[in-house]
file run_3.tsv (TSV, C-alpha atoms)
chain	number	residue	atom	x	y	z
A	436	MET	CA	73.49	75.68	242.58
A	437	ASP	CA	75.65	77.00	245.41
A	438	LYS	CA	78.69	77.73	243.26
A	439	LEU	CA	81.10	78.19	246.15
A	440	ASN	CA	80.02	74.87	247.61
A	441	ALA	CA	80.34	73.21	244.21
A	442	ILE	CA	83.88	74.59	243.79
A	443	SER	CA	84.77	73.36	247.26
A	444	VAL	CA	83.48	69.87	246.43
A	445	PHE	CA	85.32	69.86	243.10
A	446	CYS	CA	88.63	70.81	244.74
A	447	LYS	CA	88.19	68.12	247.38
A	448	VAL	CA	87.53	65.51	244.68
A	449	VAL	CA	90.77	66.51	242.94
A	450	GLU	CA	92.67	66.18	246.24
A	451	THR	CA	91.15	62.87	247.33
A	452	GLN	CA	90.57	61.40	243.84
A	453	SER	CA	87.34	60.04	245.26
A	454	PHE	CA	83.72	61.16	245.38
A	455	THR	CA	83.18	58.85	248.34
A	456	GLN	CA	85.96	60.40	250.44
A	457	THR	CA	84.81	63.87	249.41
A	458	ALA	CA	81.24	63.14	250.43
A	459	ILE	CA	82.39	61.90	253.85
A	460	GLN	CA	84.57	64.94	254.46
A	461	GLN	CA	81.92	67.39	253.19
A	462	ASN	CA	79.13	65.60	255.07
A	463	ILE	CA	77.00	65.15	251.97
A	464	SER	CA	75.89	62.16	249.90
A	465	VAL	CA	78.01	60.76	247.07
A	466	ALA	CA	75.15	61.54	244.69
A	467	MET	CA	75.10	65.18	245.80
A	468	ALA	CA	78.87	65.50	245.40
A	469	SER	CA	78.66	64.12	241.87
A	470	LYS	CA	75.68	66.36	241.06
A	471	LEU	CA	77.45	69.52	242.23
A	472	VAL	CA	80.51	68.77	240.10
A	473	SER	CA	78.32	67.97	237.09
A	474	GLN	CA	76.44	71.27	237.54
A	475	LEU	CA	79.75	73.11	237.73
A	476	GLU	CA	80.94	71.45	234.52
A	477	GLU	CA	77.66	72.30	232.85
A	478	GLN	CA	77.89	75.95	233.85
A	479	LEU	CA	81.50	76.18	232.66
A	480	LYS	CA	80.68	74.13	229.56
A	481	THR	CA	83.91	72.22	230.19
A	482	ARG	CA	84.67	68.74	231.48
A	483	LEU	CA	86.73	69.13	234.66
A	484	LEU	CA	87.23	65.50	235.66
A	485	GLN	CA	88.07	62.27	233.90
A	486	ARG	CA	86.17	59.47	235.61
A	487	THR	CA	87.42	55.88	235.29
A	488	THR	CA	86.61	52.73	237.23
A	489	ARG	CA	89.92	53.02	239.10
A	490	LYS	CA	90.39	56.69	239.86
A	491	ILE	CA	89.32	60.25	239.15
A	492	VAL	CA	91.80	62.73	237.70
A	493	PRO	CA	91.37	66.34	236.55
A	494	THR	CA	91.42	67.20	232.86
A	495	GLU	CA	93.84	69.88	231.69
A	496	ALA	CA	91.07	72.46	232.15
A	497	GLY	CA	90.14	70.92	235.49
A	498	LEU	CA	93.69	71.12	236.78
A	499	LEU	CA	93.95	74.77	235.75
A	500	TYR	CA	90.61	75.54	237.42
A	501	TYR	CA	91.71	73.73	240.61
A	502	GLN	CA	95.01	75.64	240.72
A	503	ARG	CA	93.15	78.94	240.51
A	504	CYS	CA	90.30	78.05	242.89
A	505	GLN	CA	92.19	76.22	245.64
A	506	PRO	CA	94.11	79.30	246.87
A	507	ILE	CA	90.83	81.26	246.96
A	508	LEU	CA	89.20	78.57	249.10
A	509	ALA	CA	92.27	78.51	251.35
A	510	GLU	CA	92.02	82.28	251.78
A	511	LEU	CA	88.35	81.95	252.72
A	512	GLN	CA	89.21	79.26	255.25
A	513	ASP	CA	91.99	81.44	256.63
A	514	ALA	CA	89.56	84.34	256.94
A	515	GLU	CA	87.09	82.20	258.85
A	516	ALA	CA	89.88	80.81	261.02
A	517	SER	CA	91.17	84.29	261.84
A	518	ILE	CA	87.67	85.29	262.96
A	519	SER	CA	87.27	82.07	264.92
A	520	ASN	CA	90.50	82.80	266.76
A	521	LEU	CA	88.74	85.74	268.37
A	522	ALA	CA	86.37	83.40	270.15
A	523	SER	CA	87.48	82.02	273.48
A	524	ALA	CA	85.66	78.68	273.08
A	525	LEU	CA	86.93	76.22	270.48
A	526	GLN	CA	84.32	74.39	268.42
A	527	GLY	CA	84.18	71.90	265.61
A	528	LYS	CA	86.05	68.66	264.96
A	529	LEU	CA	89.77	68.12	265.38
A	530	HIS	CA	91.10	65.05	263.52
A	531	ILE	CA	94.52	63.97	264.79
A	532	SER	CA	97.02	61.20	264.06
A	533	VAL	CA	99.70	60.32	266.61
A	534	PRO	CA	102.26	57.49	266.81
A	535	ARG	CA	100.87	54.64	268.88
A	536	ASP	CA	103.53	54.21	271.57
A	537	PHE	CA	104.05	57.93	272.10
A	538	GLY	CA	100.32	58.51	272.11
A	539	LEU	CA	99.47	55.75	274.56
A	540	ARG	CA	102.20	56.71	277.01
A	541	PHE	CA	102.00	60.50	276.93
A	542	ILE	CA	98.88	61.77	275.15
A	543	ALA	CA	96.18	59.34	276.33
A	544	PRO	CA	96.82	59.95	280.07
A	545	ASN	CA	96.66	63.73	279.51
A	546	LEU	CA	93.96	63.94	276.85
A	547	GLY	CA	91.23	64.39	279.46
A	548	LEU	CA	92.80	67.68	280.53
A	549	PHE	CA	92.63	68.98	276.97
A	550	LEU	CA	89.02	67.86	276.52
A	551	HIS	CA	87.92	69.36	279.85
A	552	ALA	CA	89.55	72.66	278.85
A	553	ASN	CA	87.80	72.62	275.45
A	554	PRO	CA	84.37	71.06	276.04
A	555	ASP	CA	82.90	72.28	272.73
A	556	LEU	CA	85.66	70.69	270.65
A	557	GLU	CA	85.06	67.25	269.14
A	558	VAL	CA	88.30	65.26	268.97
A	559	ASP	CA	88.88	62.29	266.66
A	560	ILE	CA	92.33	60.90	267.48
A	561	GLU	CA	93.97	57.92	265.81
A	562	PHE	CA	96.79	56.06	267.58
A	563	ASN	CA	98.68	54.50	264.71
A	564	ASP	CA	102.21	54.40	263.32
A	565	ARG	CA	100.80	54.53	259.79
A	566	LEU	CA	101.98	57.53	257.75
A	567	VAL	CA	98.59	59.09	257.03
A	568	ASP	CA	97.86	61.40	254.11
A	569	LEU	CA	96.55	64.45	255.93
A	570	ILE	CA	94.78	66.05	252.97
A	571	THR	CA	93.29	62.93	251.39
A	572	GLU	CA	92.15	61.46	254.69
A	573	GLY	CA	90.96	64.71	256.24
A	574	PHE	CA	93.36	65.01	259.19
A	575	ASP	CA	93.90	68.44	260.73
A	576	LEU	CA	97.34	67.57	262.04
A	577	ALA	CA	99.66	64.70	262.88
A	578	LEU	CA	102.58	64.11	265.19
A	579	ARG	CA	105.55	62.57	263.42
A	580	ILE	CA	108.75	61.29	264.95
A	581	GLY	CA	111.96	61.12	262.91
A	582	ASN	CA	112.75	62.37	259.42
A	583	LEU	CA	109.97	64.20	257.60
A	584	GLN	CA	109.18	63.06	254.07
A	585	ASP	CA	106.32	65.29	252.89
A	586	SER	CA	107.74	68.77	252.23
A	587	SER	CA	104.30	70.12	251.27
A	588	LEU	CA	103.23	70.15	254.92
A	589	VAL	CA	103.98	72.80	257.51
A	590	ALA	CA	106.13	71.35	260.32
A	591	LYS	CA	106.53	72.68	263.84
A	592	LYS	CA	109.24	71.03	265.91
A	593	ILE	CA	108.11	70.54	269.49
A	594	ALA	CA	110.94	68.44	270.93
A	595	SER	CA	113.91	66.19	270.28
A	596	SER	CA	114.96	62.93	271.84
A	597	THR	CA	118.08	60.80	271.83
A	598	MET	CA	118.44	57.13	270.94
A	599	HIS	CA	119.95	54.68	273.42
A	600	ILE	CA	121.19	51.08	273.30
A	601	VAL	CA	119.81	49.40	276.41
A	602	GLY	CA	119.25	46.04	278.05
A	603	SER	CA	118.49	44.62	281.47
A	604	PRO	CA	121.15	44.24	284.20
A	605	ASP	CA	120.47	40.48	284.25
A	606	TYR	CA	121.06	40.20	280.51
A	607	PHE	CA	124.41	42.00	280.67
A	608	ALA	CA	125.45	40.00	283.73
A	609	LYS	CA	124.98	36.82	281.69
A	610	LYS	CA	126.09	37.95	278.23
A	611	GLY	CA	128.61	40.67	279.01
A	612	ILE	CA	128.62	44.35	278.11
A	613	PRO	CA	129.54	45.30	274.52
A	614	GLN	CA	132.38	47.81	274.40
A	615	THR	CA	132.12	48.70	270.70
A	616	PRO	CA	129.25	48.65	268.19
A	617	GLU	CA	130.84	45.68	266.42
A	618	GLU	CA	130.47	43.60	269.59
A	619	LEU	CA	126.70	43.87	269.23
A	620	TYR	CA	126.98	41.02	266.72
A	621	GLN	CA	127.64	38.76	269.70
A	622	HIS	CA	124.34	39.69	271.34
A	623	LYS	CA	120.62	39.13	270.96
A	624	ILE	CA	119.18	42.13	269.09
A	625	MET	CA	115.52	43.14	269.07
A	626	LEU	CA	114.40	45.58	266.38
A	627	TYR	CA	111.57	48.01	265.93
A	628	LYS	CA	109.56	47.10	262.84
A	629	SER	CA	107.90	49.85	260.81
A	630	ASN	CA	107.69	51.20	257.27
A	631	ASN	CA	111.33	52.27	257.70
A	632	ASN	CA	112.78	49.30	259.51
A	633	GLN	CA	115.86	49.69	261.72
A	634	VAL	CA	118.17	47.81	259.36
A	635	PHE	CA	121.12	50.05	260.19
A	636	TRP	CA	122.11	51.61	263.52
A	637	GLU	CA	124.23	54.73	263.06
A	638	PHE	CA	126.83	55.84	265.61
A	639	ILE	CA	128.73	59.11	265.76
A	640	ASN	CA	132.46	58.48	266.12
A	641	GLY	CA	134.21	61.84	266.13
A	642	THR	CA	133.65	63.30	262.67
A	643	ARG	CA	132.66	59.94	261.18
A	644	ILE	CA	129.34	58.11	261.06
A	645	GLU	CA	129.58	54.36	261.60
A	646	ARG	CA	126.72	52.32	260.18
A	647	LEU	CA	126.13	48.92	261.68
A	648	ARG	CA	123.86	46.49	259.86
A	649	VAL	CA	121.95	44.66	262.54
A	650	GLN	CA	120.20	41.33	262.33
A	651	ALA	CA	117.21	40.81	264.57
A	652	ASP	CA	116.44	37.86	266.79
A	653	VAL	CA	113.09	39.52	267.54
A	654	MET	CA	111.15	42.13	265.54
A	655	CYS	CA	108.21	44.10	266.90
A	656	ASN	CA	106.16	47.11	265.77
A	657	SER	CA	105.85	48.50	269.31
A	658	GLY	CA	108.65	50.29	271.14
A	659	LEU	CA	106.85	49.82	274.46
A	660	ALA	CA	106.68	46.07	273.86
A	661	LEU	CA	110.39	46.00	272.99
A	662	ALA	CA	111.17	47.81	276.25
A	663	GLU	CA	109.21	45.17	278.16
A	664	LEU	CA	111.03	42.37	276.35
A	665	ALA	CA	114.37	44.01	277.14
A	666	LYS	CA	113.41	44.34	280.83
A	667	SER	CA	112.72	40.60	280.88
A	668	GLY	CA	116.31	39.93	279.80
A	669	LEU	CA	115.67	38.77	276.24
A	670	GLY	CA	118.17	41.06	274.51
A	671	ILE	CA	119.29	44.54	273.51
A	672	VAL	CA	117.10	47.27	272.01
A	673	ASN	CA	117.70	50.72	270.52
A	674	LEU	CA	114.94	53.07	271.65
A	675	PRO	CA	114.28	56.81	272.05
A	676	ARG	CA	114.79	58.15	275.55
A	677	PHE	CA	111.19	59.27	275.93
A	678	LEU	CA	110.08	55.61	275.83
A	679	ILE	CA	112.58	54.37	278.43
A	680	GLU	CA	113.09	57.40	280.70
A	681	ASN	CA	111.47	55.73	283.71
A	682	GLU	CA	113.21	52.39	283.14
A	683	LEU	CA	116.63	54.05	282.95
A	684	ALA	CA	115.91	56.01	286.14
A	685	SER	CA	114.77	52.91	288.02
A	686	GLY	CA	117.65	50.74	286.78
A	687	GLU	CA	115.35	48.23	285.09
A	688	LEU	CA	117.24	49.06	281.89
A	689	VAL	CA	120.86	50.19	281.61
A	690	GLU	CA	122.57	51.93	278.73
A	691	VAL	CA	125.62	50.59	276.92
A	692	LEU	CA	127.84	52.16	274.25
A	693	ALA	CA	127.21	55.63	275.67
A	694	ASP	CA	130.55	56.72	274.16
A	695	TYR	CA	129.04	56.08	270.72
A	696	PRO	CA	126.16	58.60	270.55
A	697	GLN	CA	123.48	58.50	267.87
A	698	HIS	CA	121.66	61.23	266.01
A	699	GLN	CA	118.77	62.92	267.77
A	700	ILE	CA	115.27	62.32	266.49
A	701	ASP	CA	112.86	65.23	266.20
A	702	MET	CA	109.19	65.31	267.09
A	703	ASN	CA	107.18	67.52	264.75
A	704	ILE	CA	103.58	68.57	264.46
A	705	VAL	CA	102.66	68.67	260.77
A	706	TYR	CA	99.57	70.17	259.15
A	707	PRO	CA	98.48	71.35	255.68
A	708	HIS	CA	99.64	74.81	254.69
A	709	ARG	CA	97.58	77.68	256.06
A	710	ARG	CA	98.57	81.31	256.44
A	711	HIS	CA	96.78	81.42	259.79
A	712	LEU	CA	96.99	78.44	262.10
A	713	ALA	CA	93.46	77.37	263.05
A	714	ALA	CA	92.66	77.95	266.70
A	715	LYS	CA	91.84	74.29	267.32
A	716	VAL	CA	95.19	73.20	265.84
A	717	LYS	CA	97.09	75.82	267.82
A	718	ALA	CA	95.34	74.69	271.00
A	719	PHE	CA	96.50	71.10	270.51
A	720	VAL	CA	100.03	72.18	269.61
A	721	ASP	CA	100.14	74.20	272.83
A	722	PHE	CA	98.81	71.18	274.72
A	723	LEU	CA	101.61	68.98	273.38
A	724	SER	CA	104.23	71.61	274.15
A	725	GLN	CA	103.15	71.63	277.78
A	726	LEU	CA	103.56	67.88	278.29
A	727	GLY	CA	106.33	66.83	280.64
A	728	LEU	CA	107.95	64.87	277.85
A	729	CYS	CA	108.50	67.92	275.70
A	730	GLN	CA	110.05	69.85	278.59
A	731	GLU	CA	112.33	66.98	279.56
A	732	THR	CA	113.49	66.21	276.01
A	733	ALA	CA	114.10	69.89	275.40
A	734	SER	CA	116.41	69.99	278.41
A	735	ASN	CA	118.28	66.90	277.20
A	736	LYS	CA	119.26	68.38	273.84

call {"tool": "encode", "arguments": {"input": "run_3.tsv", "output": "structure tokens"}}
result
Amino acid sequence: MDKLNAISVFCKVVETQSFTQTAIQQNISVAMASKLVSQLEEQLKTRLLQRTTRKIVPTEAGLLYYQRCQPILAELQDAEASISNLASALQGKLHISVPRDFGLRFIAPNLGLFLHANPDLEVDIEFNDRLVDLITEGFDLALRIGNLQDSSLVAKKIASSTMHIVGSPDYFAKKGIPQTPEELYQHKIMLYKSNNNQVFWEFINGTRIERLRVQADVMCNSGLALAELAKSGLGIVNLPRFLIENELASGELVEVLADYPQHQIDMNIVYPHRRHLAAKVKAFVDFLSQLGLCQETASNK
């Protein structure tokens, strides 16, 4: 038995609570993953995992063993990463999750540049607004926009953006321009739909925060689609500047309630804790930092 490999498989099973997910991430069969853990238990003469039909959880001894072994494995990974950083060519697989609208507008058109610059790097990128579990699902990093919820991840802020209430000139010509947030109740509102729906819009009024509960005439899980609907004159939307920069510049969309600013939203790269940032992760972080969006939003802070 390769004990180090068995320990690595055991720790991954604890993290994913699944032999199937572990086998996929370790590139071995489910039977082999189970065999390695069983051999480890046999050598230690201790049951490490409780297996049920619904999930797999560590025993008290298993949890203690995981807590002692996981930092050692992390140190080994850090050691390998620090050596890999000496190499000029990046290799291996980089598994990334990015928000759909941001990714389609800014990352997809530029991704070819990153791949050409790193031809030996295999990239698996998922364009999805779903809040992925980086450790369980095997992601190297994710881009997240807005408030961060998982404090166990390392976060690197790469930019900020502002929120803006906008509509088309034709819409405001017909319906009038709201002068206060309360006047939005007289207008057609289109909302972004996600896990954290835009139920309230918050405005900064001096030292006070005004919260406006909005009711949607249209709900959509795509900011780009909402921008298109707003351009067609169907109503008012509240979107980050990076999604409507071109439309504001061209006049296809115009801002209202500019005297009632909103909180900025941050864009962060998040990844599991490592003492040394893997070269492939650092390369992608640098790539994102060099996008025009990041430079423009940084200047608009």

call {"tool": "residues_around", "arguments": {"input": "run_3.tsv", "residues": "Lys591 (chain A)", "least_positions_apart": "5", "cutoff": "10 Å", "atoms": "all atoms listed in the file", "output": "PyMOL selection string"}}
result
chain A and resi 578+702-706+720

call {"tool": "closest_residue", "arguments": {"input": "run_3.tsv", "among": "A:Pro604, A:Gly527, A:Pro616, A:Pro554", "to": "Phe635 (chain A)", "atoms": "all atoms listed in the file"}}
result
A:Pro616

call {"tool": "residues_around", "arguments": {"input": "run_3.tsv", "residues": "Glu476 (chain A)", "least_positions_apart": "5", "cutoff": "12 Å", "atoms": "only C-alpha atoms", "output": "list in words"}}
result
Met436, Lys438, Ala441, Ile442, Phe445, Ser469, Lys470, Leu471, Thr481, Arg482, Leu483, Leu484, Gln485, Pro493, Thr494, Ala496, Gly497 and Tyr500 of chain A

call {"tool": "write_last_selection", "arguments": {"input": "run_3.tsv", "atoms": "C-alpha atoms", "output": "PDB file, keeping the file's coordinate frame"}}
result
ATOM      1  CA  MET A 436      73.490  75.680 242.580  1.00  0.00           C
ATOM      2  CA  LYS A 438      78.690  77.730 243.260  1.00  0.00           C
ATOM      3  CA  ALA A 441      80.340  73.210 244.210  1.00  0.00           C
ATOM      4  CA  ILE A 442      83.880  74.590 243.790  1.00  0.00           C
ATOM      5  CA  PHE A 445      85.320  69.860 243.100  1.00  0.00           C
ATOM      6  CA  SER A 469      78.660  64.120 241.870  1.00  0.00           C
ATOM      7  CA  LYS A 470      75.680  66.360 241.060  1.00  0.00           C
ATOM      8  CA  LEU A 471      77.450  69.520 242.230  1.00  0.00           C
ATOM      9  CA  THR A 481      83.910  72.220 230.190  1.00  0.00           C
ATOM     10  CA  ARG A 482      84.670  68.740 231.480  1.00  0.00           C
ATOM     11  CA  LEU A 483      86.730  69.130 234.660  1.00  0.00           C
ATOM     12  CA  LEU A 484      87.230  65.500 235.660  1.00  0.00           C
ATOM     13  CA  GLN A 485      88.070  62.270 233.900  1.00  0.00           C
ATOM     14  CA  PRO A 493      91.370  66.340 236.550  1.00  0.00           C
ATOM     15  CA  THR A 494      91.420  67.200 232.860  1.00  0.00           C
ATOM     16  CA  ALA A 496      91.070  72.460 232.150  1.00  0.00           C
ATOM     17  CA  GLY A 497      90.140  70.920 235.490  1.00  0.00           C
ATOM     18  CA  TYR A 500      90.610  75.540 237.420  1.00  0.00           C
TER      19      TYR A 500
END

call {"tool": "closest_residue", "arguments": {"input": "run_3.tsv", "among": "A:Asn582, A:Asn640, A:Ile612, A:Val448", "to": "Ser595 (chain A)", "atoms": "only C-alpha atoms"}}
result
A:Asn582

call {"tool": "closest_residue", "arguments": {"input": "run_3.tsv", "among": "A:Ile459, A:Ala693, A:Ile491, A:Val558", "to": "Glu572 (chain A)", "atoms": "only C-alpha atoms"}}
result
A:Ile459

call {"tool": "closest_residue", "arguments": {"input": "run_3.tsv", "among": "A:Leu619, A:Val649, A:Ile560, A:Leu539", "to": "Leu678 (chain A)", "atoms": "all atoms listed in the file"}}
result
A:Leu539

call {"tool": "closest_residue", "arguments": {"input": "run_3.tsv", "among": "A:Val689, A:Val601, A:Leu712, A:Val492", "to": "Gly670 (chain A)", "atoms": "only C-alpha atoms"}}
result
A:Val601

call {"tool": "residues_around", "arguments": {"input": "run_3.tsv", "residues": "Leu588 (chain A)", "least_positions_apart": "4", "cutoff": "12 Å", "atoms": "only C-alpha atoms", "output": "PyMOL selection string"}}
result
chain A and resi 568-570+574-579+583-584+703-709

call {"tool": "atom_distance", "arguments": {"input": "run_3.tsv", "atom1": "CA of Asn545 (chain A)", "atom2": "CA of Ser517 (chain A)"}}
result
27.7 Å

call {"tool": "atom_distance", "arguments": {"input": "run_3.tsv", "atom1": "CA of Gln699 (chain A)", "atom2": "CA of Asp536 (chain A)"}}
result
18.0 Å

call {"tool": "closest_residue", "arguments": {"input": "run_3.tsv", "among": "A:Val472, A:Val672, A:Cys446, A:Ile518", "to": "Leu498 (chain A)", "atoms": "all atoms listed in the file"}}
result
A:Cys446

call {"tool": "residues_around", "arguments": {"input": "run_3.tsv", "residues": "region 606-609 of chain A", "least_positions_apart": "4", "cutoff": "8 Å", "atoms": "all atoms listed in the file", "output": "PyMOL selection string"}}
result
chain A and resi 602+668-670

call {"tool": "atom_distance", "arguments": {"input": "run_3.tsv", "atom1": "CA of Ala665 (chain A)", "atom2": "CA of Met625 (chain A)"}}
result
8.2 Å

call {"tool": "residues_around", "arguments": {"input": "run_3.tsv", "residues": "Glu690 (chain A)", "least_positions_apart": "3", "cutoff": "12 Å", "atoms": "all atoms listed in the file", "output": "PyMOL selection string"}}
result
chain A and resi 598-604+606-607+612-614+665+671-676+679-680+682-684+686-687+693-696

call {"tool": "write_last_selection", "arguments": {"input": "run_3.tsv", "atoms": "C-alpha atoms", "output": "PDB file, in the coordinates of the input"}}
result
ATOM      1  CA  MET A 598     118.440  57.130 270.940  1.00  0.00           C
ATOM      2  CA  HIS A 599     119.950  54.680 273.420  1.00  0.00           C
ATOM      3  CA  ILE A 600     121.190  51.080 273.300  1.00  0.00           C
ATOM      4  CA  VAL A 601     119.810  49.400 276.410  1.00  0.00           C
ATOM      5  CA  GLY A 602     119.250  46.040 278.050  1.00  0.00           C
ATOM      6  CA  SER A 603     118.490  44.620 281.470  1.00  0.00           C
ATOM      7  CA  PRO A 604     121.150  44.240 284.200  1.00  0.00           C
ATOM      8  CA  TYR A 606     121.060  40.200 280.510  1.00  0.00           C
ATOM      9  CA  PHE A 607     124.410  42.000 280.670  1.00  0.00           C
ATOM     10  CA  ILE A 612     128.620  44.350 278.110  1.00  0.00           C
ATOM     11  CA  PRO A 613     129.540  45.300 274.520  1.00  0.00           C
ATOM     12  CA  GLN A 614     132.380  47.810 274.400  1.00  0.00           C
ATOM     13  CA  ALA A 665     114.370  44.010 277.140  1.00  0.00           C
ATOM     14  CA  ILE A 671     119.290  44.540 273.510  1.00  0.00           C
ATOM     15  CA  VAL A 672     117.100  47.270 272.010  1.00  0.00           C
ATOM     16  CA  ASN A 673     117.700  50.720 270.520  1.00  0.00           C
ATOM     17  CA  LEU A 674     114.940  53.070 271.650  1.00  0.00           C
ATOM     18  CA  PRO A 675     114.280  56.810 272.050  1.00  0.00           C
ATOM     19  CA  ARG A 676     114.790  58.150 275.550  1.00  0.00           C
ATOM     20  CA  ILE A 679     112.580  54.370 278.430  1.00  0.00           C
ATOM     21  CA  GLU A 680     113.090  57.400 280.700  1.00  0.00           C
ATOM     22  CA  GLU A 682     113.210  52.390 283.140  1.00  0.00           C
ATOM     23  CA  LEU A 683     116.630  54.050 282.950  1.00  0.00           C
ATOM     24  CA  ALA A 684     115.910  56.010 286.140  1.00  0.00           C
ATOM     25  CA  GLY A 686     117.650  50.740 286.780  1.00  0.00           C
ATOM     26  CA  GLU A 687     115.350  48.230 285.090  1.00  0.00           C
ATOM     27  CA  ALA A 693     127.210  55.630 275.670  1.00  0.00           C
ATOM     28  CA  ASP A 694     130.550  56.720 274.160  1.00  0.00           C
ATOM     29  CA  TYR A 695     129.040  56.080 270.720  1.00  0.00           C
ATOM     30  CA  PRO A 696     126.160  58.600 270.550  1.00  0.00           C
TER      31      PRO A 696
END
